[in-house]
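Undergrad: The structure is given below, and queries will be raised subsequently.
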Amino acid sequence: MVRGRQFLAARVHETALAQRGATILPEINFAKSPWVKAVAHIPPAETLTRPYPIQHTERHDRGRALQRPRNLFRPTSIVHPEDQLRQDFFRDHPWELARPKLVLELDGKDARYRDWSKGLRQPGMALSGESVVQRQLWLMEVKGLSKQRAYDIARKEFYKLRQQEEIERRIAAEEARMYGAYFGKTNMQVGMELEDAMYDKWKKWATNEIARLESQRTAAYSNVVDATEEKLDEEEELDL
Amino acid sequence: MIIRNFGVRHGRRVLAAPLSRSCLRTLSSSSTRPATTPTTFAEPATAAPTTTQAYAAAQAAARQAELARIPANFAEYSHQREHTRNVGSRVESRYHPDQMLLDPPHDASLEMLMAAQVHMGHHVSQWNPANQRYIYGERAGIHIISLETTATHLRRAARVVEEVAYYGGLILFVGNRKEHMPVVVRAAELAQGYHLFQKWTPGAITNRDVILANGELQIVNELDQPIDGFGKHLRDRRPVMPDLVVCLNPLENYPLLHECGVATIPTIGIIDTDADPTWVTYQIPGNDDSLRSVTLIAGILGRAGQRGQQRRLADANEGIVTWSTPNDVAKFIERDAAEKARNVAKSAEGPVDEPTLTREDFLTDEELLAELSDGPRPPQGP
């Protein structure tokens with residue numbers, strides 16, 4: 001690492017031009033390199049300057065901060081009108097966050113295909129909390145409804161559609177079962193089976209352990225061996 | 001159980017019990033299945049043809065009947081197709097993960113940049129204040145890079161790549177994170193440049209005589225066709241240096257960028273919010289941690305290189321050579337030509353018998369002293 005600022009990279013073209021007339025070691029003269037002609041009219045951009053940043057939000061100026069402005073060049077936080085609506089919706093419906101969500105966009109033009117005057121269902125977008133937020137915002141901004149009123153309308157539309165989706169899904173599964181589909185075990189069943197297997201294993205281990213401990217305890221009382229006999233036995237073994 | 005007494009013991013009970021239906025059915029001789037009806041065959045009413053002529057006539061008639069059915073069938077098929085053409089769904093465009101890699105765009109719109117996550121910077125605490133001018137604001141704890149700035153810088157960098165390719169420079173694409181391999185390879189393929197997806201060997205520019213001593217080189221003409229006759233030069237010359245280095249992750253490549261600065265090579269780099277913009281000549285503010293962002297930026301630069309190479313070759317076909325021969329190659333060509341001319345002249349003169357020098361040809365000591373004591377001679381002409 002080099003301390004301070006280095007401007008070698010920013011000044012490559014000037015360096016190359018300064019070497020143009022150099023007579024020492026003309027073999028390593030960079031002025032004839034192909035890039036010198038190429039970047040002659042493309043100067044590098046300005047760096048390290050600090051323009052006054054866009055003020056998305058006002059700073060909280062209190063007390064001493066009023067006398068001496070601080071953090072003038074620090075980027076400010078971006079705030080959108082949907083932020084509060086989104087927070088409210090997901091506070092009221094936390095399990096909506098557990099649903100899978102598509103975060104991929106191809107050309108970035110998805111927002112152009114949405115028309116929130118037509119309801120929550122939008123082409124190419126699954127029903128989600130985001131639809132409620134956007135619909136509520138549209139109702140507030142275009143219809144001039146209050147935040148609470150718009151929230152109620154959008155929320156109830158959402159409930160109806162979610163219920164419809166649920167019914168459709170159930171009926172589809174029923175139909176499929178009737179035609180012989182087999183969906184296998186659910187995640188819950190698989191989990192329960194694994195848990196049961198583990199319990200059984202533990203039970204087997206615990207039974208063995210209890211038996212072992214029990215036999216140890218009884219052996220401590222009943223299996224009192226005469227020390228002299230043992231010694232004799234050992235001596236016989238040694239003789240053999 | 002004693003087997004031989006089994007029949008005596010249980011036989012009575014077995015005989016007393018009523019026989020089950022199934023046993024009776026197997027024993028009964030009459031079949032319960034319906035009698036098979038004789039198979040009828042669709043035989044022609046006429047008797048079987050006795051001669052081959054009649055058989056051929058029947059064949060021809062059958063063929064005619066078959067042919068006669070074709071228009072009707074085709075009409076029905078067309079009708080069906082016409083009426084079911086709009087039935088069902090049609091997939092308009094399908095997501096392909098390698099779309100930006102295989103077919104990168106020539107220019108990026110702001111939406112495209114945003115969809116590729118180019119605007120996402122690092123956490124606010126990792127900010128390098130040197131790149132404050134590229135930052136739009138702060139959101140969800142990270143800095144958001146201004147995409148207008150990114151787009152302008154990206155266009156400028158693309159123009160640099162294009163011009164360097166046009167003037168016949170060597171372009172090196174460097175991206176040595178694990179997933180950068182296909183990205184740099186594709187960009188180099190498009191721009192007809194070079195790629196590095198492994199560690200940069202420190203000193204591969206400043207100490208290239210040692211590190212790249214065994215590298216293969218080739219001399220080409222303006223149409224990129226290799227030329228022979230430079231074997232001696234290629235053996236003796238120094239290894240080449242790139243004319244432009246595109247670095248996708250400058251933070252991990254400080255030695256490379258420093259060497260480029262020392263060796264006066266312009267560099268292009270993706271500058272995230274934690275990187276230092278002074279390390280590279282041409283900055284592209286953007287997210288260097290997202291593979292999609294890196295793929296898009298490298299793809300656009302590769303496309304620019306491709307345009308430059310195409311322009312260069314088109315000009316070369318019209319006889320315009322955009323680059324000049326490097327100093328060392330030019331010097332070798334000059335020397336080589338002179339040597340060849342000398343050889344030609346020598347062979348034209350024929351073998352000359354140079355007389356061997358004898359003692360009388362050299363000056364004696366006295367003569368030499370006399371020459372030296374004459375004093376300095378007037379300087380000779382150039």
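Chain labels follow the order of the structure tokens: the first chain is A, the next B, and so on; residue numbering restarts at 1 in every chain, and ligands are counted from 1 in their shown order.
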Give as a PyMOL selection string every residue of chain A that touches chain B within 9 Å, counting only C-alpha atoms.
TA: chain A and resi 1+5-13+15-16+26-30+32-39+42-45+47-56+73-79+104-109
Undergrad: Run DSSP on the backbone and grab whatever in region 92-202 of chain B lands in strand (DSSP E or B); send it over as a tab-separated table (two decimals) with N, CA, C and O atoms, in the first residue's frame.
TA:
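Written out: result.tsv:
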chain	number	residue	atom	x	y	z
B	120	MET	N	-25.87	-1.11	-6.54
B	120	MET	CA	-25.72	-1.45	-5.12
B	120	MET	C	-24.28	-1.34	-4.68
B	120	MET	O	-23.40	-2.02	-5.20
B	121	GLY	N	-24.05	-0.49	-3.71
B	121	GLY	CA	-22.70	-0.33	-3.18
B	121	GLY	C	-22.49	-1.19	-1.96
B	121	GLY	O	-23.19	-2.16	-1.73
B	122	HIS	N	-21.52	-0.79	-1.17
B	122	HIS	CA	-21.21	-1.54	0.04
B	122	HIS	C	-21.91	-0.92	1.24
B	122	HIS	O	-22.53	0.13	1.14
B	123	HIS	N	-21.75	-1.55	2.38
B	123	HIS	CA	-22.31	-1.00	3.62
B	123	HIS	C	-21.69	0.37	3.88
B	123	HIS	O	-20.54	0.62	3.52
B	135	ILE	N	-21.91	8.60	-5.69
B	135	ILE	CA	-22.95	8.03	-4.84
B	135	ILE	C	-24.21	8.88	-4.89
B	135	ILE	O	-24.15	10.11	-4.78
B	136	TYR	N	-25.33	8.22	-5.10
B	136	TYR	CA	-26.61	8.91	-5.20
B	136	TYR	C	-27.22	9.12	-3.83
B	136	TYR	O	-27.77	10.18	-3.54
B	137	GLY	N	-27.14	8.12	-2.97
B	137	GLY	CA	-27.70	8.26	-1.63
B	137	GLY	C	-27.47	6.99	-0.85
B	137	GLY	O	-26.72	6.12	-1.24
B	138	GLU	N	-28.16	6.94	0.27
B	138	GLU	CA	-27.96	5.82	1.18
B	138	GLU	C	-29.32	5.19	1.41
B	138	GLU	O	-30.31	5.88	1.61
B	139	ARG	N	-29.39	3.87	1.34
B	139	ARG	CA	-30.68	3.21	1.56
B	139	ARG	C	-30.43	1.81	2.12
B	139	ARG	O	-29.55	1.10	1.63
B	142	ILE	N	-26.89	0.56	2.84
B	142	ILE	CA	-25.82	0.54	1.84
B	142	ILE	C	-25.87	1.83	1.01
B	142	ILE	O	-26.88	2.52	0.98
B	143	HIS	N	-24.79	2.12	0.35
B	143	HIS	CA	-24.74	3.27	-0.54
B	143	HIS	C	-25.29	2.87	-1.91
B	143	HIS	O	-25.01	1.78	-2.40
B	144	ILE	N	-26.05	3.76	-2.50
B	144	ILE	CA	-26.60	3.52	-3.83
B	144	ILE	C	-25.80	4.35	-4.81
B	144	ILE	O	-25.68	5.57	-4.67
B	145	ILE	N	-25.23	3.68	-5.80
B	145	ILE	CA	-24.40	4.36	-6.79
B	145	ILE	C	-25.31	5.02	-7.82
B	145	ILE	O	-26.30	4.43	-8.25
B	171	ILE	N	-5.38	-5.67	-25.47
B	171	ILE	CA	-6.28	-5.40	-24.34
B	171	ILE	C	-6.27	-6.61	-23.43
B	171	ILE	O	-6.45	-7.74	-23.89
B	172	LEU	N	-6.07	-6.37	-22.15
B	172	LEU	CA	-6.06	-7.47	-21.16
B	172	LEU	C	-7.25	-7.30	-20.22
B	172	LEU	O	-7.41	-6.25	-19.61
B	173	PHE	N	-8.07	-8.34	-20.14
B	173	PHE	CA	-9.20	-8.34	-19.21
B	173	PHE	C	-8.81	-9.15	-17.98
B	173	PHE	O	-8.44	-10.32	-18.11
B	174	VAL	N	-8.89	-8.54	-16.83
B	174	VAL	CA	-8.49	-9.21	-15.59
B	174	VAL	C	-9.69	-9.28	-14.66
B	174	VAL	O	-10.34	-8.28	-14.39
B	194	TYR	N	-6.94	-10.37	-24.41
B	194	TYR	CA	-6.37	-11.41	-23.57
B	194	TYR	C	-7.08	-11.40	-22.23
B	194	TYR	O	-7.69	-10.41	-21.87
B	195	HIS	N	-7.02	-12.53	-21.54
B	195	HIS	CA	-7.73	-12.59	-20.26
B	195	HIS	C	-6.85	-13.18	-19.19
B	195	HIS	O	-5.91	-13.92	-19.46
B	196	LEU	N	-7.17	-12.79	-17.95
B	196	LEU	CA	-6.48	-13.35	-16.79
B	196	LEU	C	-7.55	-13.60	-15.74
B	196	LEU	O	-8.23	-12.69	-15.32
Undergrad: Identify all residues of region 136-297 of chain B in alpha helix (DSSP H) (DSSP on the backbone) and supply them as number ranges by chain.
TA: B: 147-166, 181-191, 208-211, 231-236, 254-262, 291-297
Undergrad: Using only C-alpha atoms, determine which residues lie at most 10 Å from region 98-100 of chain A, disregarding the query and same-chain residues fewer than 6 positions distant; provide the list as a list in words.
TA: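 Everything that qualifies: Ala126, Ser128 and Gly129 of chain A.
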Undergrad: Which residues are near region 146-153 of chain A? Cut-off 12 Å, only C-alpha atoms, ignore same chain within fewer than 2 positions. Put them as a PyMOL selection string.
TA: chain A and resi 81-82+84-86+88-89+92+119-120+129+131-144+155-160
Undergrad: So, counting only C-alpha atoms, which residue among B:Ser290, B:Gln192, B:Asn176, B:Gln64 is closest to Arg303 (chain B)?
TA: B:Gln192
Undergrad: In Å, with one decimal, what is the gap from CA of Gly308 (chain B) to CA of Leu190 (chain B)?
TA: 10.4 Å
Undergrad: Within 7 Å of Gly175 (chain B), counting only C-alpha atoms, which residues show up once you throw out same-chain ones fewer than 6 positions away? Write them as a list in words, please.
TA: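 With the cut-off at 7 Å, the set is Val184, Leu196, Phe197, Cys247, Leu248 and Asn249 of chain B.
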Undergrad: Which of these, B:Leu147, B:Ala191, B:Ala54, B:Leu154, has the shortest distance to Arg312 (chain B) once you count only C-alpha atoms?
TA: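 Counting only C-alpha atoms, the residue closest to Arg312 (chain B) is B:Ala191.
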Undergrad: Quick one: distance from CA of Gly215 (chain B) to CA of Lys199 (chain B) in Å, one decimal?
TA: 16.9 Å
